$ cat entry07.txt   # compact mmCIF, C-alpha atoms
# COMPACT_ATOMS: atom_id res chain seq x y z
CA MET A 26 -11.88 -20.97 -0.64
CA ILE A 27 -13.35 -17.50 -1.17
CA THR A 28 -17.14 -17.44 -1.05
CA PHE A 29 -19.05 -14.61 -2.75
CA THR A 30 -22.72 -14.35 -1.76
CA ALA A 31 -25.51 -12.12 -3.09
CA GLY A 32 -29.27 -12.43 -3.41
CA GLY A 33 -29.37 -15.93 -1.94
CA SER A 34 -26.86 -17.34 -4.44
CA TYR A 35 -23.14 -17.90 -4.05
CA VAL A 36 -20.00 -18.96 -5.85
CA GLN A 37 -16.71 -20.30 -4.49
CA ILE A 38 -13.26 -19.79 -5.98
CA ASP A 39 -9.70 -20.50 -4.89
CA TYR A 40 -7.41 -17.79 -3.53
CA PRO A 41 -5.46 -15.66 -6.03
CA GLU A 42 -1.77 -16.19 -6.55
CA TRP A 43 0.75 -13.90 -4.84
CA SER A 44 1.24 -10.28 -5.84
CA PHE A 45 -2.31 -9.11 -5.34
CA LEU A 46 -2.17 -5.47 -4.31
CA ALA A 47 -4.02 -3.78 -1.44
CA LYS A 48 -4.27 0.01 -1.64
CA ALA A 49 -5.25 2.47 1.10
CA HIS A 50 -6.49 5.60 -0.65
CA LEU A 51 -6.03 8.47 1.81
CA ALA A 52 -8.39 11.44 1.41
CA MET A 53 -5.53 13.92 1.16
CA SER A 54 -4.29 16.40 -1.40
CA LEU A 55 -0.52 16.98 -1.32
CA ASN A 56 1.17 20.10 -2.62
CA SER A 57 4.90 20.70 -3.07
CA THR A 58 6.08 24.20 -2.10
CA CYS A 59 9.45 25.93 -2.04
CA ASN A 60 9.63 25.20 1.70
CA GLY A 61 8.62 21.54 1.52
CA TRP A 62 5.17 20.00 1.42
CA ASP A 63 1.71 21.11 2.49
CA VAL A 64 -1.48 19.07 2.63
CA TRP A 65 -5.25 19.28 2.79
CA ASP A 66 -6.69 16.29 4.66
CA ASN A 67 -10.37 15.44 4.32
CA GLY A 68 -10.21 12.91 7.15
CA ILE A 69 -10.04 9.18 7.70
CA VAL A 70 -13.79 8.80 7.30
CA ASN A 71 -13.32 9.55 3.58
CA ASP A 72 -10.50 7.06 2.99
CA TYR A 73 -11.19 3.86 1.08
CA ARG A 74 -9.45 0.57 0.31
CA THR A 75 -9.17 -1.45 -2.88
CA CYS A 76 -7.69 -4.81 -3.83
CA GLU A 77 -6.21 -5.38 -7.28
CA ILE A 78 -6.12 -9.05 -8.20
CA GLU A 79 -4.01 -9.50 -11.30
CA ARG A 80 -4.71 -13.17 -11.88
CA LEU A 81 -7.25 -15.70 -10.70
CA HIS A 82 -6.45 -19.10 -12.20
CA LEU A 83 -9.52 -21.27 -12.73
CA ASN A 84 -8.90 -24.87 -13.76
CA LEU A 85 -10.92 -26.11 -16.74
CA ILE A 86 -9.55 -29.65 -16.72
CA SER A 87 -12.02 -32.55 -16.15
CA GLY A 88 -15.06 -30.45 -16.87
CA ASP A 89 -14.58 -27.93 -14.03
CA THR A 90 -17.35 -25.32 -14.35
CA THR A 91 -16.02 -22.81 -11.80
CA ALA A 92 -15.02 -20.28 -14.46
CA LYS A 93 -18.51 -20.21 -15.98
CA MET A 94 -20.17 -20.12 -12.57
CA LEU A 95 -18.06 -17.12 -11.58
CA ASP A 96 -18.81 -15.30 -14.83
CA ASP A 97 -22.55 -15.98 -14.49
CA PHE A 98 -22.55 -14.86 -10.84
CA LEU A 99 -20.73 -11.60 -11.53
CA LEU A 100 -23.00 -10.78 -14.47
CA ALA A 101 -26.13 -11.54 -12.45
CA HIS A 102 -25.06 -9.30 -9.58
CA ARG A 103 -23.28 -6.54 -11.43
CA ASP A 104 -23.13 -3.26 -9.46
CA GLU A 105 -24.38 -4.99 -6.30
CA THR A 106 -22.66 -5.17 -2.93
CA LEU A 107 -21.37 -8.72 -2.43
CA GLU A 108 -20.50 -10.52 0.77
CA MET A 109 -17.03 -12.04 0.57
CA ASN A 110 -16.37 -14.68 3.21
CA LEU A 111 -12.86 -15.82 4.08
CA PRO A 112 -12.34 -18.76 6.45
CA SER A 113 -10.12 -18.47 9.50
CA GLY A 114 -6.42 -18.39 8.62
CA SER A 115 -7.00 -18.05 4.88
CA GLY A 116 -3.77 -16.09 4.39
CA PHE A 117 -5.55 -13.86 1.86
CA PHE A 118 -5.42 -10.23 3.07
CA PRO A 119 -7.39 -8.48 0.31
CA PHE A 120 -7.38 -4.99 1.81
CA GLY A 121 -4.12 -5.06 3.72
CA PRO A 122 -2.75 -7.10 6.61
CA ASP A 123 -4.27 -4.62 9.08
CA LYS A 124 -7.79 -5.57 7.92
CA GLY A 125 -7.39 -9.31 8.36
CA ASP A 126 -7.73 -12.51 6.37
CA ALA A 127 -10.95 -13.96 7.81
CA GLY A 128 -14.62 -13.13 8.22
CA ASN A 129 -17.24 -11.39 6.12
CA PHE A 130 -16.22 -8.43 3.98
CA ASP A 131 -18.81 -6.40 2.07
CA VAL A 132 -17.29 -5.54 -1.31
CA LYS A 133 -18.08 -4.18 -4.73
CA ILE A 134 -16.34 -5.25 -7.91
CA ILE A 135 -15.38 -2.02 -9.65
CA GLU A 136 -13.40 -3.52 -12.51
CA ARG A 137 -13.23 -6.96 -14.06
CA LYS A 138 -11.68 -8.68 -17.04
CA PHE A 139 -13.07 -12.01 -18.05
CA GLY A 140 -9.72 -13.43 -19.02
CA GLN A 141 -8.54 -15.93 -21.55
CA TYR A 142 -7.61 -19.57 -21.91
CA ASP A 143 -4.00 -20.67 -22.01
CA GLN A 144 -2.21 -23.77 -23.26
CA PHE A 145 -2.61 -25.44 -19.86
CA ARG A 146 -6.40 -25.09 -19.99
CA GLN A 147 -6.38 -22.41 -17.32
CA TYR A 148 -8.87 -19.56 -17.41
CA THR A 149 -7.43 -16.32 -16.02
CA LYS A 150 -9.42 -13.44 -14.61
CA SER A 151 -8.45 -10.11 -13.06
CA MET A 152 -10.59 -7.83 -10.92
CA ILE A 153 -10.48 -4.86 -8.57
CA LEU A 154 -12.47 -5.04 -5.32
CA LEU A 155 -13.67 -2.03 -3.34
CA MET A 156 -14.05 -2.57 0.41
CA VAL A 157 -17.42 -1.41 1.74
CA THR A 158 -17.09 -2.84 5.26
CA ALA A 159 -14.57 -5.11 6.99
CA PRO A 160 -14.96 -7.45 9.97
CA VAL A 161 -13.44 -6.59 13.35
CA TYR A 162 -9.79 -7.59 13.42
CA VAL A 163 -7.19 -7.58 16.19
CA LEU A 164 -3.65 -6.88 15.01
CA PRO A 165 -1.20 -9.72 15.72
CA ASP A 166 1.66 -9.37 18.18
CA ILE A 167 4.72 -7.93 16.47
CA VAL A 168 7.57 -10.23 15.51
CA THR A 169 10.59 -7.99 15.00
CA GLN A 170 12.97 -8.33 12.05
CA GLY A 171 15.54 -5.54 12.45
CA ASP A 172 16.45 -2.27 14.17
CA PHE A 173 14.76 0.29 11.92
CA GLN A 174 11.88 2.38 13.33
CA ILE A 175 9.12 4.38 11.64
CA GLY A 176 6.98 6.31 14.11
CA GLU A 177 5.85 3.95 16.84
CA ILE A 178 6.63 0.83 14.77
CA GLU A 179 9.92 -0.68 15.94
CA GLY A 180 11.78 -3.76 14.75
CA LEU A 181 11.55 -3.11 11.02
CA LEU A 182 14.00 -4.57 8.54
CA TYR A 183 16.63 -2.47 6.75
CA PRO A 184 15.15 -1.61 3.29
CA GLN A 185 16.57 -4.53 1.35
CA LEU A 186 15.90 -3.07 -2.09
CA GLY A 187 17.84 0.12 -1.48
CA ILE A 188 17.13 3.70 -0.42
CA ASP A 189 16.58 6.41 -3.02
CA SER A 190 17.25 9.81 -1.46
CA SER A 191 17.03 13.17 -3.22
CA ARG A 192 17.86 16.79 -2.45
CA GLU A 193 16.32 19.84 -4.09
CA TYR A 194 18.14 23.13 -3.59
CA GLY A 195 16.07 26.21 -2.79
CA ILE A 196 17.63 28.25 -5.55
CA GLN A 197 16.36 29.12 -9.00
CA THR A 198 18.61 30.59 -11.66
CA GLY A 199 17.63 32.29 -14.89
CA ILE A 200 19.72 33.55 -17.78
CA SER A 201 18.85 36.80 -19.51
CA TYR A 202 19.55 37.77 -23.10
CA GLY A 203 23.28 38.38 -23.32
CA GLY A 204 24.15 35.57 -20.94
CA ASP A 205 23.73 37.28 -17.57
CA ALA A 206 22.72 34.85 -14.78
CA TYR A 207 20.48 35.88 -11.91
CA SER A 208 19.28 33.76 -9.00
CA VAL A 209 16.68 33.66 -6.26
CA ASP A 210 17.92 31.68 -3.26
CA ILE A 211 15.62 31.04 -0.28
CA ARG A 212 18.46 29.26 1.55
CA HIS A 213 16.36 26.16 2.11
CA ASN A 214 16.95 22.65 0.76
CA ILE A 215 14.30 19.95 0.46
CA HIS A 216 15.34 16.39 1.39
CA GLU A 217 13.21 13.39 0.43
CA THR A 218 13.63 9.63 0.51
CA SER A 219 11.78 6.66 -0.93
CA PHE A 220 12.19 2.93 -0.38
CA ILE A 221 10.24 -0.31 -0.31
CA GLN A 222 9.71 -1.57 3.22
CA GLN A 223 9.66 -5.35 3.35
CA CYS A 224 7.78 -6.79 6.33
CA ASN A 225 6.41 -9.95 7.82
CA THR A 226 2.66 -10.09 8.43
CA SER A 227 2.72 -8.59 11.93
CA LEU A 228 4.95 -5.64 11.02
CA ALA A 229 3.09 -4.96 7.77
CA ALA A 230 -0.21 -4.88 9.68
CA ALA A 231 1.17 -2.52 12.33
CA LEU A 232 2.83 -0.22 9.77
CA MET A 233 -0.25 0.04 7.54
CA ASN A 234 -2.45 0.70 10.57
CA PHE A 235 -0.08 3.41 11.83
CA LEU A 236 0.42 5.22 8.52
CA CYS A 237 -3.31 5.39 7.80
CA SER A 238 -4.23 6.57 11.32
CA ASP A 239 -4.37 10.05 12.84
CA LEU A 240 -0.82 9.47 14.13
CA GLY A 241 0.70 8.78 10.73
CA ARG A 242 -1.08 10.52 7.88
CA TYR A 243 0.90 13.68 7.32
CA GLN A 244 1.72 14.13 10.98
CA ASP A 245 5.29 14.59 12.15
CA ILE A 246 6.81 11.08 12.19
CA SER A 247 10.10 10.27 13.90
CA ILE A 248 12.19 7.82 11.90
CA VAL A 249 15.11 6.25 13.74
CA ALA A 250 17.83 4.83 11.50
CA PRO A 251 20.89 2.98 12.81
CA GLY A 252 24.38 3.45 11.37
CA ASN A 253 25.08 3.20 7.63
CA TYR A 254 21.50 3.81 6.51
CA TYR A 255 22.08 7.24 4.88
CA LEU A 256 18.32 7.68 4.78
CA PHE A 257 18.50 11.27 3.50
CA ASP A 258 21.85 11.13 1.67
CA MET A 259 25.35 11.89 2.90
CA ALA A 260 24.52 15.46 3.93
CA ASN A 261 22.29 14.24 6.77
CA GLY A 262 24.49 11.49 8.14
CA SER A 263 24.44 7.72 8.16
CA ASP A 264 22.20 7.43 11.22
CA GLY A 265 20.04 9.40 13.63
CA THR A 266 16.47 10.47 14.35
CA TYR A 267 14.71 12.29 11.53
CA THR A 268 11.46 14.24 11.82
CA CYS A 269 9.52 13.44 8.64
CA LYS A 270 6.17 13.57 6.92
CA LEU A 271 4.65 10.91 4.68
CA ILE A 272 4.22 12.43 1.21
CA GLN A 273 1.90 10.02 -0.56
CA ASP A 274 -1.87 9.78 -0.68
CA ILE A 275 -1.94 6.09 -1.60
CA VAL A 276 -0.26 3.49 0.60
CA GLU A 277 0.21 0.25 -1.29
CA CYS A 278 0.84 -3.15 0.26
CA LYS A 279 1.70 -6.06 -2.00
CA HIS A 280 1.54 -9.62 -0.70
CA VAL A 281 4.50 -11.19 -2.50
CA GLY A 282 4.79 -14.49 -0.65
CA ASN A 283 4.09 -16.34 2.57
CA GLU A 284 4.77 -13.87 5.43
CA GLN A 285 6.19 -11.42 2.89
CA PHE A 286 4.76 -7.96 2.20
CA GLU A 287 6.19 -4.95 0.39
CA ILE A 288 5.11 -1.36 1.18
CA PRO A 289 6.58 1.47 -0.99
CA LEU A 290 7.09 4.62 1.11
CA LYS A 291 8.13 8.22 0.47
CA PHE A 292 9.03 10.75 3.17
CA TRP A 293 10.02 14.40 3.35
CA MET A 294 12.55 15.30 6.05
CA LYS A 295 11.67 18.34 8.14
CA SER A 296 14.72 18.13 10.40
CA ALA A 297 17.49 15.81 11.54
CA ALA A 298 18.51 15.41 15.20

$ encode --input "entry07.txt" --output "structure tokens"
Amino acid sequence: MITFTAGGSYVQIDYPEWSFLAKAHLAMSLNSTCNGWDVWDNGIVNDYRTCEIERLHLNLISGDTTAKMLDDFLLAHRDETLEMNLPSGSGFFPFGPDKGDAGNFDVKIIERKFGQYDQFRQYTKSMILLMVTAPVYVLPDIVTQGDFQIGEIEGLLYPQLGIDSSREYGIQTGISYGGDAYSVDIRHNIHETSFIQQCNTSLAAALMNFLCSDLGRYQDISIVAPGNYYLFDMANGSDGTYTCKLIQDIVECKHVGNEQFEIPLKFWMKSAA
């Protein structure tokens, strides 16, 4: 059970169903240029994490009053910092698998919808939590799944949902009145790739921790792809070591099932070995 506490009062609710979404909001501003990407980074200290819970199902059968208790509690402590306690081994990673699933989190509820009843006498509620503080957490030992590597994180699975690579040519062409074409060609092509990285808990925790650290956030990241990956389309080969940069300021991590996480990623390739 999740326990919310504030002002000497508390309420307990069951864990949300799968597909709640943890987001790491990186304090970065990304800018696309004709030579690739540039960034302004305001530092890790200004990052923040949120948790989007799409559905909390509260049972109203047999006179269960949990739904009303939760509504009353949230209204009584609106705009306050709440303590959210998760018991050991809860399996609920509200702010990402690198922040843990147990202990006392200080949170604020920044958005809430009070839900509706359905034909099964369930009361649904959605909310977005903002992490204020998190308990100390030690990352679990990595259990490898494949032979894909992002930065220092080895043993990742081949992107099971496909790889979407793109190439933008460094040439711009205009057409004048009369049909004459003229071009500006900087002789530089931009290669990008995006995919959803599926991970077990240990790899998802390690990958989130790496990407949001000083080693990952818009630093040069070596990605090692075995044969037949075609990470940056046919022009850059089916395998090899690619020097890349992460080009996203929000890293999402969706908990889709037991030991199953999905992390959408987008990289710009600086060079290929």

$ axis_aligned_box --input "entry07.txt" --around "range 108-115 of chain A" --padding-each-side "4 Å" --output "AutoDock Vina command-line options"
--center_x -13.5 --center_y -14.6 --center_z 5.0 --size_x 22.1 --size_y 16.2 --size_z 16.9

$ atom_distance --input "entry07.txt" --atom1 "CA of Leu155 in chain A" --atom2 "CA of Asn71 in chain A"
13.5 Å

$ closest_residue --input "entry07.txt" --among "A:Leu256, A:Ala206, A:Val132, A:Ala230" --to "Val168 in chain A" --atoms "all atoms listed in the file"
A:Ala230

$ residues_around --input "entry07.txt" --residues "Pro184 in chain A" --least-positions-apart "2" --cutoff "8 Å" --atoms "all atoms listed in the file" --output "ChimeraX atom specification"
/A:182,186-188,220-223

$ atom_distance --input "entry07.txt" --atom1 "CA of Ser296 in chain A" --atom2 "CA of Thr268 in chain A"
5.3 Å

$ atom_distance --input "entry07.txt" --atom1 "CA of Arg80 in chain A" --atom2 "CA of Ile38 in chain A"
12.3 Å

$ closest_residue --input "entry07.txt" --among "A:Asn129, A:Ser151, A:Ser44, A:Gln174" --to "Lys279 in chain A" --atoms "all atoms listed in the file"
A:Ser44

$ residues_around --input "entry07.txt" --residues "Ala101 in chain A" --least-positions-apart "5" --cutoff "12 Å" --atoms "all atoms listed in the file" --output "ChimeraX atom specification"
/A:30-36,94-96,106-107

$ write_last_selection --input "entry07.txt" --atoms "C-alpha atoms" --output "PDB file, in the coordinates of the input"
ATOM      1  CA  THR A  30     -22.720 -14.350  -1.760  1.00  0.00           C
ATOM      2  CA  ALA A  31     -25.510 -12.120  -3.090  1.00  0.00           C
ATOM      3  CA  GLY A  32     -29.270 -12.430  -3.410  1.00  0.00           C
ATOM      4  CA  GLY A  33     -29.370 -15.930  -1.940  1.00  0.00           C
ATOM      5  CA  SER A  34     -26.860 -17.340  -4.440  1.00  0.00           C
ATOM      6  CA  TYR A  35     -23.140 -17.900  -4.050  1.00  0.00           C
ATOM      7  CA  VAL A  36     -20.000 -18.960  -5.850  1.00  0.00           C
ATOM      8  CA  MET A  94     -20.170 -20.120 -12.570  1.00  0.00           C
ATOM      9  CA  LEU A  95     -18.060 -17.120 -11.580  1.00  0.00           C
ATOM     10  CA  ASP A  96     -18.810 -15.300 -14.830  1.00  0.00           C
ATOM     11  CA  THR A 106     -22.660  -5.170  -2.930  1.00  0.00           C
ATOM     12  CA  LEU A 107     -21.370  -8.720  -2.430  1.00  0.00           C
TER      13      LEU A 107
END

$ residues_around --input "entry07.txt" --residues "Cys224 in chain A" --least-positions-apart "6" --cutoff "7 Å" --atoms "only C-alpha atoms" --output "PyMOL selection string"
chain A and resi 182+285-287

$ residues_around --input "entry07.txt" --residues "Phe292 in chain A" --least-positions-apart "5" --cutoff "6 Å" --atoms "all atoms listed in the file" --output "number ranges by chain"
A: 217-218, 270-272
